[in-house]
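*Asks:* File target-v4.txt below, compact mmCIF, C-alpha atoms:
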```txt
# COMPACT_ATOMS: atom_id res chain seq x y z
CA MET A 1 -10.95 19.32 3.63
CA TYR A 2 -10.84 15.58 4.05
CA HIS A 3 -14.04 13.63 4.51
CA TYR A 4 -14.88 9.95 4.80
CA ILE A 5 -16.21 8.39 1.61
CA GLU A 6 -19.74 7.19 2.29
CA ASP A 7 -20.52 5.58 -1.08
CA LYS A 8 -20.32 1.97 0.12
CA GLU A 9 -21.13 0.50 -3.28
CA PHE A 10 -18.23 2.38 -4.86
CA LEU A 11 -15.86 1.33 -2.07
CA LYS A 12 -16.91 -2.29 -2.46
CA ARG A 13 -16.37 -2.23 -6.25
CA MET A 14 -13.01 -0.47 -5.92
CA LYS A 15 -11.69 -2.82 -3.25
CA SER A 16 -12.90 -5.87 -5.17
CA LEU A 17 -11.23 -4.77 -8.41
CA CYS A 18 -7.92 -3.75 -6.82
CA SER A 19 -7.71 -6.79 -4.56
CA ASP A 20 -8.40 -9.08 -7.52
CA ILE A 21 -5.48 -7.56 -9.43
CA VAL A 22 -3.15 -7.82 -6.42
CA ASN A 23 -4.21 -11.44 -5.86
CA GLN A 24 -3.41 -12.18 -9.51
CA LEU A 25 0.03 -10.71 -8.88
CA VAL A 26 0.59 -12.94 -5.85
CA GLN A 27 -0.37 -16.04 -7.84
CA SER A 28 1.88 -15.01 -10.72
CA ILE A 29 4.91 -14.50 -8.47
CA ASN A 30 4.31 -17.66 -6.44
CA ASN A 31 4.04 -19.72 -9.61
CA ASP A 32 7.57 -18.58 -10.45
CA SER A 33 10.68 -19.91 -8.73
CA MET A 34 12.28 -16.81 -7.17
CA LEU A 35 9.97 -15.53 -4.43
CA THR A 36 7.13 -16.58 -2.16
CA VAL A 37 4.86 -13.67 -1.28
CA GLU A 38 1.51 -12.77 0.22
CA ALA A 39 -0.40 -9.50 -0.01
CA HIS A 40 -2.60 -7.52 2.36
CA LEU A 41 -4.68 -4.40 2.07
CA VAL A 42 -3.39 -2.02 4.74
CA GLY A 43 -3.91 1.45 6.10
CA SER A 44 -7.19 3.29 5.73
CA GLY A 45 -8.54 0.81 3.18
CA ALA A 46 -8.11 -2.11 5.55
CA ARG A 47 -9.64 -0.21 8.49
CA ASN A 48 -12.59 1.24 6.52
CA LEU A 49 -11.24 4.75 7.05
CA ILE A 50 -10.86 5.83 3.42
CA THR A 51 -10.83 9.59 3.11
CA GLN A 52 -10.91 12.01 0.19
CA ASN A 53 -9.85 15.64 -0.06
CA ALA A 54 -12.62 17.34 -2.07
CA ASN A 55 -12.73 15.45 -5.40
CA GLU A 56 -9.10 14.38 -5.47
CA PRO A 57 -8.12 10.80 -6.41
CA ILE A 58 -7.73 8.19 -3.70
CA ASP A 59 -5.39 5.25 -3.37
CA LEU A 60 -5.49 1.80 -1.84
CA ASP A 61 -2.33 0.74 -0.04
CA TYR A 62 -1.22 -2.87 -0.22
CA ASN A 63 1.78 -4.58 1.35
CA LEU A 64 3.39 -7.32 -0.69
CA CYS A 65 5.15 -9.36 2.00
CA VAL A 66 8.20 -11.27 0.80
CA LEU A 67 8.24 -14.52 2.78
CA GLU A 68 11.00 -16.48 1.04
CA VAL A 69 13.62 -15.97 -1.66
CA PHE A 70 15.26 -18.67 -3.75
CA GLY A 71 18.64 -18.43 -5.45
CA ILE A 72 19.18 -14.79 -4.46
CA ASN A 73 20.05 -12.87 -1.31
CA PHE A 74 17.30 -11.11 0.64
CA ASN A 75 19.43 -7.96 0.50
CA ASN A 76 19.41 -7.92 -3.30
CA GLY A 77 16.65 -5.34 -3.34
CA GLU A 78 17.13 -4.31 -6.95
CA THR A 79 16.56 -7.84 -8.24
CA ILE A 80 13.58 -8.38 -5.95
CA LYS A 81 11.84 -5.14 -6.92
CA ASN A 82 12.53 -5.54 -10.63
CA HIS A 83 11.20 -9.09 -10.53
CA ILE A 84 8.00 -8.00 -8.78
CA GLN A 85 7.56 -5.04 -11.14
CA LYS A 86 7.88 -7.34 -14.16
CA HIS A 87 5.10 -9.58 -12.85
CA PHE A 88 2.97 -6.58 -11.83
CA ASN A 89 3.19 -5.06 -15.31
CA ALA A 90 2.20 -8.37 -16.89
CA VAL A 91 -0.87 -8.64 -14.63
CA LEU A 92 -1.82 -5.01 -15.24
CA LYS A 93 -1.53 -5.46 -19.01
CA HIS A 94 -3.73 -8.56 -18.81
CA ASN A 95 -6.39 -6.43 -17.10
CA GLY A 96 -6.12 -3.54 -19.55
CA TRP A 97 -4.10 -1.24 -17.26
CA ASP A 98 -0.86 0.61 -18.11
CA ASP A 99 2.48 -0.29 -16.54
CA CYS A 100 3.10 0.67 -12.92
CA GLN A 101 5.55 3.38 -11.86
CA ASP A 102 8.50 2.70 -9.56
CA SER A 103 8.60 5.29 -6.77
CA THR A 104 10.96 5.40 -3.81
CA SER A 105 8.87 3.15 -1.58
CA ALA A 106 6.10 1.64 -3.74
CA LEU A 107 4.95 0.51 -7.16
CA SER A 108 2.01 2.71 -8.19
CA THR A 109 -0.55 2.07 -10.90
CA GLU A 110 -2.16 4.62 -13.16
CA LEU A 111 -5.33 6.37 -12.01
CA ARG A 112 -8.53 4.53 -12.94
CA HIS A 113 -12.24 5.22 -12.63
CA PHE A 114 -15.45 3.33 -13.26
CA LYS A 115 -17.39 4.16 -16.40
CA LYS A 116 -20.70 3.90 -14.56
CA GLY A 117 -21.65 5.28 -11.17
CA ASN A 118 -19.12 7.08 -8.98
CA LYS A 119 -16.36 8.54 -11.20
CA THR A 120 -13.81 9.07 -8.39
CA GLU A 121 -10.32 8.20 -9.63
CA PHE A 122 -8.29 5.63 -7.71
CA LYS A 123 -5.03 3.72 -7.90
CA ILE A 124 -3.04 0.94 -6.23
CA ASP A 125 0.11 1.67 -4.22
CA LEU A 126 2.06 -1.54 -3.62
CA ALA A 127 4.82 -1.51 -1.00
CA ILE A 128 7.28 -4.41 -0.81
CA VAL A 129 7.90 -5.42 2.81
CA ARG A 130 9.43 -8.16 4.91
CA GLU A 131 9.34 -9.05 8.59
CA SER A 132 12.51 -8.91 10.66
CA ARG A 133 13.17 -9.42 14.35
CA HIS A 134 12.80 -5.65 14.78
CA GLY A 135 9.41 -5.34 13.05
CA TRP A 136 8.34 -4.66 9.48
CA GLU A 137 10.80 -3.35 6.90
CA ARG A 138 9.93 -1.68 3.59
CA LEU A 139 12.06 -1.99 0.45
CA ILE A 140 13.32 1.47 -0.52
CA HIS A 141 14.67 2.49 -3.93
CA ARG A 142 16.76 5.61 -3.42
CA LYS A 143 17.04 7.27 -6.81
CA THR A 144 20.01 9.47 -7.70
CA GLY A 145 19.21 10.32 -11.31
CA PHE A 146 21.74 7.76 -12.48
CA VAL A 147 20.59 4.12 -12.18
CA THR A 148 24.18 2.97 -11.70
CA PHE A 149 24.35 4.87 -8.41
CA ASP A 150 20.84 4.05 -7.16
CA GLN A 151 20.46 2.16 -3.88
CA TRP A 152 17.94 -0.47 -2.76
CA TYR A 153 17.67 -1.26 0.93
CA TRP A 154 15.25 -2.44 3.63
CA ASN A 155 14.12 0.36 5.94
CA GLU A 156 12.42 -0.33 9.26
CA ALA A 157 8.94 1.17 9.48
CA PRO A 158 8.70 3.42 12.54
CA SER A 159 6.56 2.03 15.37
CA SER A 160 5.62 -1.00 13.29
CA ARG A 161 5.92 -3.56 16.08
CA GLY A 162 2.69 -4.80 17.63
CA LEU A 163 0.32 -2.58 15.65
CA THR A 164 -2.21 -5.35 15.15
CA ASP A 165 -2.31 -5.96 18.91
CA LYS A 166 -2.76 -2.23 19.52
CA VAL A 167 -5.76 -2.07 17.19
CA ARG A 168 -7.31 -5.10 18.87
CA ASP A 169 -6.85 -3.55 22.31
CA ILE A 170 -8.36 -0.23 21.20
CA LYS A 171 -11.45 -1.97 19.84
CA ARG A 172 -11.77 -4.10 22.95
CA GLU A 173 -11.89 -0.93 25.03
CA ASN A 174 -14.58 0.50 22.71
CA LEU A 175 -12.33 3.39 21.69
CA TRP A 176 -12.38 2.81 17.93
CA LEU A 177 -14.81 5.69 17.30
CA GLU A 178 -12.32 8.02 18.94
CA VAL A 179 -9.63 6.74 16.58
CA ILE A 180 -11.90 7.40 13.59
CA ASN A 181 -12.55 10.98 14.68
CA LEU A 182 -8.92 11.65 15.56
CA TYR A 183 -7.69 10.23 12.25
CA LEU A 184 -9.82 12.67 10.26
CA GLU A 185 -8.91 15.54 12.57
CA LYS A 186 -5.18 14.88 12.14
CA LYS A 187 -5.41 14.67 8.34
CA ASN A 188 -7.23 17.99 8.14
CA MET A 189 -4.77 19.57 10.58
CA TYR A 190 -1.86 18.65 8.31
CA LEU A 191 -3.84 19.83 5.29
CA ARG A 192 -4.44 23.25 6.88
CA ARG A 193 -0.74 23.50 7.68
CA GLY A 194 0.16 22.68 4.10
CA GLU A 195 2.11 19.64 5.24
CA LYS A 196 2.13 16.27 3.55
CA THR A 197 2.02 13.28 5.82
CA ILE A 198 1.17 9.60 5.74
CA ILE A 199 -0.97 8.19 8.53
CA HIS A 200 -1.58 4.49 8.09
CA LEU A 201 -0.99 1.14 9.71
CA LEU A 202 1.82 -0.94 8.26
CA THR A 203 1.07 -4.59 8.88
CA CYS A 204 0.88 -7.90 7.08
CA THR A 205 -1.75 -9.46 9.29
```
Written as structure tokens, that's how I'd like the structure from this file.
*Replies:*
Amino acid sequence: MYHYIEDKEFLKRMKSLCSDIVNQLVQSINNDSMLTVEAHLVGSGARNLITQNANEPIDLDYNLCVLEVFGINFNNGETIKNHIQKHFNAVLKHNGWDDCQDSTSALSTELRHFKKGNKTEFKIDLAIVRESRHGWERLIHRKTGFVTFDQWYWNEAPSSRGLTDKVRDIKRENLWLEVINLYLEKKNMYLRRGEKTIIHLLTCT
């Protein structure tokens, strides 16, 4: 069953390490001449709602928000993702990590753990997103088994509009504790059903 991680020292070390690597990535990309980006920790990590199922690994979700592109079209998703992955791998190598893996909707690092203290394994999941007039869109790489036929496209995140305002309103009404309890309840409900689901807030603010 899922439980909230209560080792605050471990959480602090993990967030500090992962955020430092992601910040290095942002600086590396912005020092280039193709993209301007910014990154944000999102989901459970940003809301201090990090859960763990027994002793399974955990992940920190980051959004890499593409703000501007230069010399290419915003819809050239393949070029954008490959460019970001190249920079990410360089930063990871500099920090002694292996190359990231390109999944359908994120770039994921290898699992890591601290040599001292809490040995829980963790990784970084980096989604590439942009803001449109409809809300937030995530860059999707639809794999076919043959790279020639793969597709890259921006997919609107469901119910992504106004999430930051919703969180602010919930806290203002002193209902955040109810959200915390419901979040854990929902995750364990899906676990009991044997269903995989993602419950997190997609936002760049």
*Asks:* May I ask which of the residues A:Glu178, A:Asp7, A:Glu156, A:Asp125 is the closest one to Ile21 of chain A, counting only C-alpha atoms?
*Replies:*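 Once distances to Ile21 of chain A are computed over only C-alpha atoms, the minimum belongs to A:Asp125.
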*Asks:* Which residue out of A:Asn63, A:Glu78, A:Lys123, A:Asp20 has the minimum interatomic distance to Val91 of chain A when only C-alpha atoms are used?
*Replies:*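 Closest residue, counting only C-alpha atoms: A:Asp20.
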*Asks:* Just the number, please: distance in Å from atom CA of Thr51 of chain A to atom CA of Leu175 of chain A, one decimal.
*Replies:*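 Between these atoms lies a distance of 19.6 Å.
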*Asks:* Measuring atom to atom with all atoms listed in the file, identify which of A:Asn95, A:Asp102, A:Leu35, A:Asn174 is nearest to Phe70 of chain A.
*Replies:*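 Closest to Phe70 of chain A of all the choices is A:Leu35.
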*Asks:* How many Å lie between atom CA of Asn75 of chain A and atom CA of Glu131 of chain A, rounded to one decimal?
*Replies:*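 Atom CA of Asn75 of chain A sits 13.0 Å away from atom CA of Glu131 of chain A.
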*Asks:* Tell me, in Å to one decimal, how far atom CA of Leu67 of chain A is from atom CA of Cys100 of chain A.
*Replies:*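 The value is 22.4 Å.
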*Asks:* Might you pull out every residue within 10 Å of Tyr4 of chain A, with only C-alpha atoms counted and same-chain residues fewer than 3 positions away left off, and present them as a PDB file with C-alpha atoms, in the frame of the given file?
*Replies:*
```pdb
ATOM      1  CA  ASP A   7     -20.520   5.580  -1.080  1.00  0.00           C
ATOM      2  CA  ASN A  48     -12.590   1.240   6.520  1.00  0.00           C
ATOM      3  CA  LEU A  49     -11.240   4.750   7.050  1.00  0.00           C
ATOM      4  CA  ILE A  50     -10.860   5.830   3.420  1.00  0.00           C
ATOM      5  CA  THR A  51     -10.830   9.590   3.110  1.00  0.00           C
ATOM      6  CA  GLN A  52     -10.910  12.010   0.190  1.00  0.00           C
ATOM      7  CA  ASN A  53      -9.850  15.640  -0.060  1.00  0.00           C
ATOM      8  CA  ILE A 180     -11.900   7.400  13.590  1.00  0.00           C
ATOM      9  CA  LEU A 184      -9.820  12.670  10.260  1.00  0.00           C
TER      10      LEU A 184
END
```
*Asks:* When distances are computed from only C-alpha atoms, which of A:Thr144, A:Ser105, A:Asn188, A:Asn73 shows the smallest separation from Leu126 of chain A?
*Replies:*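 Ranked by minimum distance to Leu126 of chain A, first place goes to A:Ser105.
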*Asks:* Between A:Ile58, A:Ile72, A:Ile29, A:Val42, which is the closest to Ala90 of chain A once you count all atoms listed in the file?
*Replies:*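 Of A:Ile58, A:Ile72, A:Ile29, A:Val42, the one nearest Ala90 of chain A, counting all atoms listed in the file, is A:Ile29.
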*Asks:* Check the smallest atom-to-atom distance from each of A:Ile124, A:Met1, A:Ile140, A:Ala157 to Glu56 of chain A using all atoms listed in the file, then report the winner.
*Replies:*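 Nearest to Glu56 of chain A: A:Met1.
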*Asks:* Mind checking which residues fall within 9 Å of Cys65 of chain A, counting all atoms listed in the file, ignoring those fewer than 5 positions away in the same chain, and posting them as a PyMOL selection string?
*Replies:* chain A and resi 36-40+127-131+204
*Asks:* Excluding Gly77 of chain A and its own-chain neighbours fewer than 6 positions away, which residues fall within 9 Å of it when counting all atoms listed in the file? Please give them as an MDAnalysis selection string.
*Replies:* chainID A and resid 139:141 151:154
*Asks:* (3.8, -3.6, -11.3) in this file's frame - what residues fall within 10 Å of it? Use all atoms listed in the file and give the answer as a list in words.
*Replies:*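 Checked against the point, the hits come out as Val22, Leu25, Lys81, Asn82, His83, Ile84, Gln85, Lys86, His87, Phe88, Asn89, Ala90, Val91, Leu92, Lys93, Asp98, Asp99, Cys100, Gln101, Asp102, Ala106, Leu107, Ser108, Thr109, Ile124, Asp125 and Leu126 of chain A.
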*Asks:* Export, as an mmCIF file, keeping the file's coordinate frame, the selected residues with C-alpha atoms.
*Replies:*
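File written: result.cif
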```cif
data_model
loop_
_atom_site.group_PDB
_atom_site.id
_atom_site.type_symbol
_atom_site.label_atom_id
_atom_site.label_comp_id
_atom_site.auth_asym_id
_atom_site.auth_seq_id
_atom_site.Cartn_x
_atom_site.Cartn_y
_atom_site.Cartn_z
ATOM 1 C CA VAL A 22 -3.150 -7.820 -6.420
ATOM 2 C CA LEU A 25 0.030 -10.710 -8.880
ATOM 3 C CA LYS A 81 11.840 -5.140 -6.920
ATOM 4 C CA ASN A 82 12.530 -5.540 -10.630
ATOM 5 C CA HIS A 83 11.200 -9.090 -10.530
ATOM 6 C CA ILE A 84 8.000 -8.000 -8.780
ATOM 7 C CA GLN A 85 7.560 -5.040 -11.140
ATOM 8 C CA LYS A 86 7.880 -7.340 -14.160
ATOM 9 C CA HIS A 87 5.100 -9.580 -12.850
ATOM 10 C CA PHE A 88 2.970 -6.580 -11.830
ATOM 11 C CA ASN A 89 3.190 -5.060 -15.310
ATOM 12 C CA ALA A 90 2.200 -8.370 -16.890
ATOM 13 C CA VAL A 91 -0.870 -8.640 -14.630
ATOM 14 C CA LEU A 92 -1.820 -5.010 -15.240
ATOM 15 C CA LYS A 93 -1.530 -5.460 -19.010
ATOM 16 C CA ASP A 98 -0.860 0.610 -18.110
ATOM 17 C CA ASP A 99 2.480 -0.290 -16.540
ATOM 18 C CA CYS A 100 3.100 0.670 -12.920
ATOM 19 C CA GLN A 101 5.550 3.380 -11.860
ATOM 20 C CA ASP A 102 8.500 2.700 -9.560
ATOM 21 C CA ALA A 106 6.100 1.640 -3.740
ATOM 22 C CA LEU A 107 4.950 0.510 -7.160
ATOM 23 C CA SER A 108 2.010 2.710 -8.190
ATOM 24 C CA THR A 109 -0.550 2.070 -10.900
ATOM 25 C CA ILE A 124 -3.040 0.940 -6.230
ATOM 26 C CA ASP A 125 0.110 1.670 -4.220
ATOM 27 C CA LEU A 126 2.060 -1.540 -3.620
#
```
*Asks:* Can you pull out the residues contacting Arg112 of chain A? Cut-off 8 Å, using only C-alpha atoms, and skip same-chain residues under 2 positions away; I want them as number ranges by chain.
*Replies:* A: 110, 114, 121-123
*Asks:* Would you pick out the contacts of segment 10-12 of chain A at 8 Å or less, using only C-alpha atoms, so that residues sharing its chain but fewer than 5 positions from it are not included, and give the list as a list of chain:residue names?
*Replies:*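 My list of contacting residues is A:Ile5, A:Gly117, A:Asn118.
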*Asks:* Using the file's own x, y and z axes, what box holds all listed atoms of segment 6-17 of chain A with 6 Å on each side, keeping edges along x, y and z, and what are its centre and edge lengths in Å to one decimal, as lines of an AutoDock Vina configuration file?
*Replies:*
```
center_x = -16.2
center_y = 0.7
center_z = -3.1
size_x = 21.9
size_y = 25.1
size_z = 22.7
```
